[in-house]
Structure formats: C-alpha cells, structure tokens
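Following: one structure in structure tokens, then a few remarks.
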Amino acid sequence: MINLDECIIRYGFKNMDFEKVTGMLSKAFWCENIKIDEVKKGASNSALIIGIFYNNEQIGYARVISDKTRFAYILDVYVDERYRKSGIGQLMINNILKHDDLKDVYQWVLLTKDAHGVYSKSGFKPIKKPDDWMEIRKDRPKR
C-alpha cells in the first residue's frame with residue numbers, strides 16, 4: 001500500500017510527464033489510444049492540471065475546464081493501475097476542489113461510469129435536474 005504522505009502534488013503543464021500521462025490515458029475507455037498531441041492540447045487549454053508523483057514517477061493525472069468563476073468540469077481523472085484504491089484519486093479531487101484558482105466556482109460537474117464512490121466522498125451527487133442538461137455527443141475523431 002502506498003503512503004499518501006510520500007506523494008508529491010504538482011500543478012501546471014510544465015510539471016507533467018506527458019509521455020506517462022498519455023500512456024495512462026490511452027488505456028482509459030473514454031479516450032482509448034489517445035495520442036500525446038491530443039493530450040497536450042487538452043491540457044494546454046485547461047484551467048487546472050494536477051499530477052500525483054510517487055518516487056519521481058507520475059502515477060495520477062486530472063484536469064479541469066473552467067471559467068474560474070461559476071463553472072468547472074473535472075475530467076481525465078486517472079490513477080496508474082498499480083496504485084488504485086489507495087486514495088490517490090481522492091487526493092487529486094480534494095486538491096482540485098480547494099485550489100485557489102478555482103475558489104469562486106460554485107457549480108462543479110464530472111462524468112463517471114464507475115467511480116461514483118470516489119467522487120461522492122468529496123460531495124458529488126447525481127445531477128438534481130438531469131432533464132435540464134443537453135448535449136451534442138459525436139464520435140471521437142481519429143487522429
């Protein structure tokens with residue numbers, strides 16, 4: 001089991017290991033086989049990027065799209081398979097929610113298929129008015 005006190009939290013584009021991040025995200029069902037250019041472009045256009053490092057290796061990644069005032073969308077939350085169920089995801093989410101750059105945000109959203117338990121520990125609940133939400137969902141472009 002990993003000791004969370006030995007983890008280092010880093011923020012910002014220049015502090016991420018994008019080779020490692022791409023390797024992790026390319027295994028995720030929501031962006032399978034994603035390439036580094038797409039990962040970097042998404043990160044560079046995000047309001048906040050967080051990485052968790054253990055023994056100088058990046059083992060966690062998440063990012064936030066936000067206007068830094070009213071709305072924030074958390075996405076690409078990923079923990080290296082070797083370190084899951086150790087509190088890394090919770091550590092990232094809690095640090096995102098309390099980050100100074102996002103202190104004014106009062107509407108937080110995310111999508112999850114299988115991690116409801118992780119997010120509910122930080123206060124997330126199912127959307128109260130799901131019928132109010134609309135979307136345009138297209139297939140992910142081949143890149």
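We name chains A, B, ... following the order of the structure tokens; residues begin at 1 in each chain, and ligands are numbered from 1 as shown.
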
Got a sec: who's within 10 Å of range 29-40 of chain A, counting only C-alpha atoms, leaving out chain neighbours fewer than 6 positions off, as a PyMOL selection string? chain A and resi 13+16+18-23+46+76+112-113+140+142-143

Polymer residues at most 8 Å from Asp101 in chain A, only C-alpha atoms, same-chain spacing of 3 or more positions, as a PyMOL selection string: chain A and resi 48+68+104

What lies within 9 Å of Phe71 in chain A using only C-alpha atoms, ignoring chain neighbours under 5 positions off, as a compact mmCIF listing (two decimals) with C-alpha atoms, in the first residue's frame?
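selection32.txt was written with the following content:
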```
# COMPACT_ATOMS: atom_id res chain seq x y z
CA ILE A 65 -12.04 23.00 -17.70
CA SER A 66 -13.43 26.15 -16.11
CA ASP A 104 -15.01 31.09 -6.67
CA VAL A 105 -16.50 28.15 -8.58
CA TYR A 106 -19.90 27.08 -7.29
CA GLN A 107 -21.02 24.59 -9.92
CA TRP A 108 -18.81 21.53 -10.33
CA VAL A 109 -19.60 18.66 -12.70
```

Residues of range 8-52 of chain A in strand (DSSP E or B) according to DSSP, as number ranges by chain? A: 8-11, 48-52

Nearby residues (only C-alpha atoms) at most 9 Å from range 114-131 of chain A, same-chain spacing under 6 positions excluded, as a ChimeraX atom specification: /A:87,89-90,93-94,97,108

Using DSSP assignments from the backbone, pull out every residue in chain A that falls under alpha helix (DSSP H) and give it to me as a ChimeraX atom specification. /A:18-25,36-44,88-97,116-120

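When only C-alpha atoms are used to measure the gap to Ser86 in chain A, the shortest distance among A:Ile136, A:Lys27, A:Ile50, A:Gly60 belongs to A:Gly60.
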
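Here CA of Ala62 in chain A stands at a distance of 7.3 Å from CA of Ile74 in chain A.
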
CA of Met134 in chain A to CA of Ala28 in chain A measures 24.2 Å

Tell me, as a ChimeraX atom specification, which residues lie within 8 Å of Val79 in chain A, counting only C-alpha atoms; anything in the same chain fewer than 3 positions away does not count. /A:24,59-61,83-84,88-89

Residues from last step as file, C-alpha atoms, as a compact mmCIF listing (two decimals), in the first residue's frame:
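The resulting part_3.txt:
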```txt
# COMPACT_ATOMS: atom_id res chain seq x y z
CA MET A 24 -2.19 6.05 -18.80
CA ILE A 59 1.00 7.98 -11.03
CA GLY A 60 -2.04 10.24 -11.23
CA TYR A 61 -3.44 12.91 -13.51
CA TYR A 83 -1.89 2.45 -7.21
CA ARG A 84 -5.67 2.33 -7.43
CA ILE A 88 -4.76 8.84 -4.98
CA GLY A 89 -7.98 9.73 -6.82
```

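Restricting the calculation to only C-alpha atoms, the smallest distance between Lys14 in chain A and any of A:Glu57, A:Thr69, A:Glu81, A:Ile49 is found for A:Ile49.
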
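For the residues A:Arg82, A:Ile2, A:Tyr73, A:Glu135, ranking by smallest atom-to-atom distance to Leu111 in chain A using only C-alpha atoms places A:Tyr73 first.
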
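What separates CA of Asp17 in chain A from CA of Lys103 in chain A is a distance of 26.3 Å.
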